[in-house]
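Participant: Would you mind keeping the following structure in view while I ask a few things?
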Amino acid sequence: MRMMKSALFSAALCILPLAAGLPAKAQGMPPEQIKQILDVTKTSWVAFRDWEGQDLIYFTHLEAWKCGIDYVFFGLNGGPLEEVWELDECDPDNPNAVLKDKPYLELPDGSVQSISVQLVFPDGTKSAVETYPYKPQ
């Protein structure tokens with residue numbers, strides 16, 4: 001009985017942050033697990049918004065997982081992946097914090113039809129190239 005209570009307590013400690021809606025810390029998370037998370041959440045790598053005559057492309061999701069990404073290459077409107085999104089430095093004590101003042105690109109209104117993105121991971125592997133049509137919300 002005592003062992004069962006201990007196992008239940010340990011399980012509760014593991015799920016408590018999730019149940020409370022708190023983000024799990026990436027600190028110490030294996031790189032393969034971060035890659036899996038990014039693969040499963042690839043539809044969220046970028047987000048779009050029309051704002052005051054500009055097309056905005058947000059990289060907030062990738063900034064939140066910056067500790068598991070070395071480079072973010074992107075290309076606009078079917079162009080080559082020659083641009084680099086500069087991620088903030090990884091803070092191992094607060095790995096998922098997005099502190100960048102502008103976690104987005106600002107482009108002239110109507111200039112973006114799509115963006116293609118590819119990630120490079122610390123082990124040198126690359127993600128598939130993902131292309132997102134510009135659909136502001």
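Within each chain, counting starts at residue 1; across the structure tokens, chains are named A, B, ... in the order shown, with ligands numbered 1 upward in that order.
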For stretch 15-124 of chain A versus stretch 129-134 of chain A, which residues have an atom no more than 6 Å away, and what is each residue's nearest atom pair and distance in Å rounded to one decimal, using only C-alpha atoms, chain-then-number order, as JSON lines?
Facilitator:
{"residue": "A:Gln113", "atom": "CA", "partner": "A:Tyr134", "partner_atom": "CA", "distance": 5.1}
{"residue": "A:Ser114", "atom": "CA", "partner": "A:Pro133", "partner_atom": "CA", "distance": 4.2}
{"residue": "A:Ile115", "atom": "CA", "partner": "A:Tyr132", "partner_atom": "CA", "distance": 5.4}
{"residue": "A:Ser116", "atom": "CA", "partner": "A:Thr131", "partner_atom": "CA", "distance": 4.1}
{"residue": "A:Val117", "atom": "CA", "partner": "A:Glu130", "partner_atom": "CA", "distance": 5.3}
{"residue": "A:Gln118", "atom": "CA", "partner": "A:Val129", "partner_atom": "CA", "distance": 4.7}
Participant: List the neighbours of A:Lys100 out to 9 Å using only C-alpha atoms; skip same-chain residues closer than 5 positions along the sequence, and give me the result as a VMD selection string.
Facilitator: chain A and resid 60 63 87 to 88
Participant: Near A:Leu56, counting only C-alpha atoms, which residues have an atom at most 8 Å away, once you skip same-chain residues fewer than 4 positions from it, shown as a list of chain:residue names?
Facilitator: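 Contacts, with the query itself left out: A:Phe48, A:Arg49, A:Asp50, A:Trp51, A:Tyr104, A:Leu105, A:Glu106, A:Leu107.
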Participant: Please determine, counting only C-alpha atoms, which residue among A:Ala128, A:Val40, A:Leu99, A:Asp55 has the shortest atom-to-atom distance to A:Phe73.
Facilitator: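 Among the listed residues, A:Ala128 lies closest to A:Phe73.
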Participant: So how many Å separate atom CA of A:Asp93 and atom CA of A:Leu119, to one decimal?
Facilitator: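 Pair atom CA of A:Asp93 / atom CA of A:Leu119 returns 23.0 Å.
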Participant: Apply DSSP to the backbone of this structure and, from stretch 4-136 of chain A, keep only the residues in strand (DSSP E); write these as a ChimeraX atom specification.
Facilitator: /A:47-51,54-58,71-76,83-85,104-108,114-120,130-133
Participant: Create the file for the chosen residues now, containing N, CA, C and O atoms and written as a short mmCIF file (atom, residue, chain, number, x, y, z; two decimals), in the first residue's frame.
Facilitator:
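Contents of again.cif, freshly written:
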data_model
loop_
_atom_site.label_atom_id
_atom_site.label_comp_id
_atom_site.auth_asym_id
_atom_site.auth_seq_id
_atom_site.Cartn_x
_atom_site.Cartn_y
_atom_site.Cartn_z
N ALA A 47 2.94 32.42 -37.59
CA ALA A 47 1.56 32.93 -37.55
C ALA A 47 1.56 34.26 -38.29
O ALA A 47 2.61 34.90 -38.44
N PHE A 48 0.38 34.67 -38.74
CA PHE A 48 0.28 35.87 -39.58
C PHE A 48 -0.72 36.86 -39.00
O PHE A 48 -1.68 36.48 -38.34
N ARG A 49 -0.47 38.14 -39.34
CA ARG A 49 -1.40 39.19 -38.92
C ARG A 49 -1.24 40.39 -39.84
O ARG A 49 -0.12 40.79 -40.18
N ASP A 50 -2.35 40.97 -40.25
CA ASP A 50 -2.34 42.27 -40.93
C ASP A 50 -2.43 43.32 -39.84
O ASP A 50 -3.32 43.26 -38.98
N TRP A 51 -1.53 44.29 -39.86
CA TRP A 51 -1.55 45.30 -38.81
C TRP A 51 -1.06 46.63 -39.36
O TRP A 51 0.07 46.75 -39.82
N GLN A 54 0.63 46.63 -42.71
CA GLN A 54 1.78 45.75 -42.84
C GLN A 54 1.35 44.29 -42.73
O GLN A 54 0.37 43.96 -42.07
N ASP A 55 2.12 43.44 -43.39
CA ASP A 55 1.99 41.99 -43.23
C ASP A 55 2.98 41.60 -42.13
O ASP A 55 4.18 41.88 -42.25
N LEU A 56 2.49 40.97 -41.07
CA LEU A 56 3.37 40.52 -39.98
C LEU A 56 3.45 39.00 -40.00
O LEU A 56 2.43 38.32 -40.14
N ILE A 57 4.66 38.49 -39.87
CA ILE A 57 4.89 37.05 -39.78
C ILE A 57 5.57 36.80 -38.43
O ILE A 57 6.70 37.24 -38.21
N TYR A 58 4.87 36.11 -37.56
CA TYR A 58 5.35 35.84 -36.20
C TYR A 58 6.12 34.53 -36.13
O TYR A 58 5.69 33.51 -36.66
N TYR A 71 19.31 27.01 -36.15
CA TYR A 71 19.04 28.01 -37.18
C TYR A 71 17.61 27.86 -37.70
O TYR A 71 17.08 26.75 -37.75
N VAL A 72 17.05 29.00 -38.10
CA VAL A 72 15.76 29.03 -38.79
C VAL A 72 15.99 29.73 -40.12
O VAL A 72 16.28 30.93 -40.17
N PHE A 73 15.90 28.96 -41.20
CA PHE A 73 16.02 29.52 -42.54
C PHE A 73 14.63 29.71 -43.11
O PHE A 73 13.73 28.89 -42.87
N PHE A 74 14.44 30.79 -43.87
CA PHE A 74 13.13 31.00 -44.50
C PHE A 74 13.29 31.70 -45.84
O PHE A 74 14.30 32.32 -46.13
N GLY A 75 12.24 31.53 -46.64
CA GLY A 75 12.15 32.19 -47.94
C GLY A 75 10.71 32.64 -48.15
O GLY A 75 9.78 31.97 -47.71
N LEU A 76 10.55 33.75 -48.81
CA LEU A 76 9.21 34.30 -49.04
C LEU A 76 8.75 34.05 -50.46
O LEU A 76 9.55 34.08 -51.41
N GLU A 83 17.13 33.50 -46.20
CA GLU A 83 17.01 34.41 -45.05
C GLU A 83 17.14 33.60 -43.77
O GLU A 83 16.75 32.44 -43.71
N VAL A 84 17.69 34.24 -42.72
CA VAL A 84 17.83 33.59 -41.42
C VAL A 84 17.08 34.40 -40.38
O VAL A 84 17.28 35.62 -40.27
N TRP A 85 16.20 33.73 -39.64
CA TRP A 85 15.55 34.37 -38.48
C TRP A 85 16.52 34.20 -37.31
O TRP A 85 16.89 33.08 -36.96
N TYR A 104 8.60 39.02 -34.78
CA TYR A 104 7.92 38.96 -36.08
C TYR A 104 8.66 39.79 -37.11
O TYR A 104 9.44 40.68 -36.79
N LEU A 105 8.38 39.46 -38.37
CA LEU A 105 8.84 40.25 -39.51
C LEU A 105 7.76 41.26 -39.85
O LEU A 105 6.57 40.95 -39.79
N GLU A 106 8.15 42.45 -40.25
CA GLU A 106 7.22 43.48 -40.73
C GLU A 106 7.50 43.69 -42.21
O GLU A 106 8.60 44.07 -42.59
N LEU A 107 6.48 43.45 -43.03
CA LEU A 107 6.63 43.59 -44.47
C LEU A 107 5.48 44.44 -45.02
O LEU A 107 4.42 44.52 -44.41
N PRO A 108 5.68 45.06 -46.18
CA PRO A 108 4.63 45.91 -46.75
C PRO A 108 3.34 45.12 -46.98
O PRO A 108 3.36 43.93 -47.34
N SER A 114 3.35 33.70 -49.26
CA SER A 114 3.69 32.50 -48.50
C SER A 114 5.08 32.66 -47.88
O SER A 114 5.86 33.53 -48.27
N ILE A 115 5.36 31.77 -46.93
CA ILE A 115 6.69 31.68 -46.34
C ILE A 115 7.04 30.20 -46.21
O ILE A 115 6.18 29.38 -45.86
N SER A 116 8.27 29.87 -46.55
CA SER A 116 8.78 28.51 -46.37
C SER A 116 9.83 28.56 -45.27
O SER A 116 10.63 29.51 -45.20
N VAL A 117 9.83 27.54 -44.41
CA VAL A 117 10.70 27.52 -43.23
C VAL A 117 11.38 26.17 -43.12
O VAL A 117 10.75 25.13 -43.34
N GLN A 118 12.66 26.20 -42.74
CA GLN A 118 13.38 24.97 -42.43
C GLN A 118 14.23 25.22 -41.18
O GLN A 118 14.88 26.26 -41.06
N LEU A 119 14.20 24.25 -40.28
CA LEU A 119 14.97 24.34 -39.04
C LEU A 119 16.22 23.49 -39.13
O LEU A 119 16.22 22.43 -39.76
N VAL A 120 17.29 23.95 -38.48
CA VAL A 120 18.51 23.17 -38.33
C VAL A 120 18.68 22.96 -36.83
O VAL A 120 18.65 23.92 -36.04
N GLU A 130 8.80 23.44 -44.62
CA GLU A 130 7.35 23.63 -44.46
C GLU A 130 6.97 24.96 -45.10
O GLU A 130 7.64 25.97 -44.88
N THR A 131 5.90 24.95 -45.90
CA THR A 131 5.44 26.17 -46.57
C THR A 131 4.06 26.52 -46.06
O THR A 131 3.18 25.66 -45.97
N TYR A 132 3.89 27.80 -45.72
CA TYR A 132 2.65 28.30 -45.15
C TYR A 132 2.10 29.42 -46.02
O TYR A 132 2.79 30.42 -46.24
N PRO A 133 0.87 29.27 -46.52
CA PRO A 133 0.26 30.39 -47.25
C PRO A 133 -0.06 31.52 -46.27
O PRO A 133 -0.42 31.25 -45.11
#
Participant: Can you tell me, as a list of chain:residue names, what residues are no more than 8 Å from A:Trp45 when counting only C-alpha atoms, ignoring any on the same chain fewer than 3 positions away?
Facilitator: A:Leu38, A:Thr41, A:Lys42, A:Phe59, A:Thr60, A:His61, A:Leu62
Participant: Keeping only all heavy atoms, take the residues you just selected and write them out as a short mmCIF file (atom, residue, chain, number, x, y, z; two decimals), in the first residue's frame.
Facilitator:
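selection_23.cif written:
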data_model
loop_
_atom_site.label_atom_id
_atom_site.label_comp_id
_atom_site.auth_asym_id
_atom_site.auth_seq_id
_atom_site.Cartn_x
_atom_site.Cartn_y
_atom_site.Cartn_z
N LEU A 38 8.56 19.85 -32.07
CA LEU A 38 8.51 20.79 -33.20
C LEU A 38 7.87 20.15 -34.43
O LEU A 38 7.13 20.81 -35.17
CB LEU A 38 9.90 21.33 -33.52
CG LEU A 38 10.41 22.34 -32.49
CD1 LEU A 38 11.91 22.54 -32.62
CD2 LEU A 38 9.66 23.66 -32.61
N THR A 41 4.13 20.09 -33.86
CA THR A 41 3.55 21.44 -33.81
C THR A 41 3.93 22.29 -35.02
O THR A 41 3.82 23.52 -34.97
CB THR A 41 3.96 22.17 -32.52
OG1 THR A 41 5.39 22.30 -32.49
CG2 THR A 41 3.47 21.43 -31.28
N LYS A 42 4.34 21.65 -36.11
CA LYS A 42 4.82 22.41 -37.27
C LYS A 42 3.78 23.35 -37.87
O LYS A 42 4.14 24.34 -38.51
CB LYS A 42 5.41 21.49 -38.33
CG LYS A 42 4.46 20.50 -38.92
CD LYS A 42 5.21 19.55 -39.83
CE LYS A 42 4.38 18.33 -40.12
NZ LYS A 42 5.19 17.27 -40.69
N PHE A 59 7.25 34.56 -35.41
CA PHE A 59 8.08 33.39 -35.14
C PHE A 59 8.04 33.04 -33.65
O PHE A 59 8.96 32.42 -33.12
CB PHE A 59 9.52 33.65 -35.57
CG PHE A 59 9.71 33.73 -37.06
CD1 PHE A 59 9.53 34.93 -37.74
CD2 PHE A 59 10.07 32.61 -37.79
CE1 PHE A 59 9.71 35.01 -39.10
CE2 PHE A 59 10.26 32.67 -39.15
CZ PHE A 59 10.07 33.88 -39.82
N THR A 60 6.99 33.42 -32.97
CA THR A 60 6.89 33.26 -31.52
C THR A 60 7.05 31.80 -31.09
O THR A 60 7.74 31.50 -30.12
CB THR A 60 5.54 33.81 -31.03
OG1 THR A 60 5.33 35.10 -31.60
CG2 THR A 60 5.51 33.91 -29.52
N HIS A 61 6.41 30.89 -31.80
CA HIS A 61 6.48 29.47 -31.43
C HIS A 61 7.92 28.97 -31.49
O HIS A 61 8.38 28.26 -30.58
CB HIS A 61 5.58 28.65 -32.35
CG HIS A 61 5.50 27.20 -31.99
ND1 HIS A 61 4.74 26.74 -30.95
CD2 HIS A 61 6.10 26.11 -32.52
CE1 HIS A 61 4.86 25.42 -30.85
NE2 HIS A 61 5.69 25.02 -31.80
N LEU A 62 8.63 29.34 -32.53
CA LEU A 62 10.02 28.91 -32.66
C LEU A 62 10.91 29.57 -31.61
O LEU A 62 11.84 28.94 -31.09
CB LEU A 62 10.54 29.18 -34.07
CG LEU A 62 9.79 28.42 -35.18
CD1 LEU A 62 10.33 28.81 -36.55
CD2 LEU A 62 9.86 26.92 -34.96
#
Participant: What are the DSSP helix (DSSP H, G or I) residues of stretch 40-76 of chain A, as an MDAnalysis selection string?
Facilitator: chainID A and resid 40 42:44 60:64 66:68
Participant: I'd like the interatomic distance between atom CA of A:Phe121 and atom CA of A:Asn77, to a tenth of an Å.
Facilitator: 24.2 Å
Participant: Grab the atom CA of A:Gly53 to atom CA of A:Trp65 distance for me, in Å with one decimal place.
Facilitator: 29.4 Å
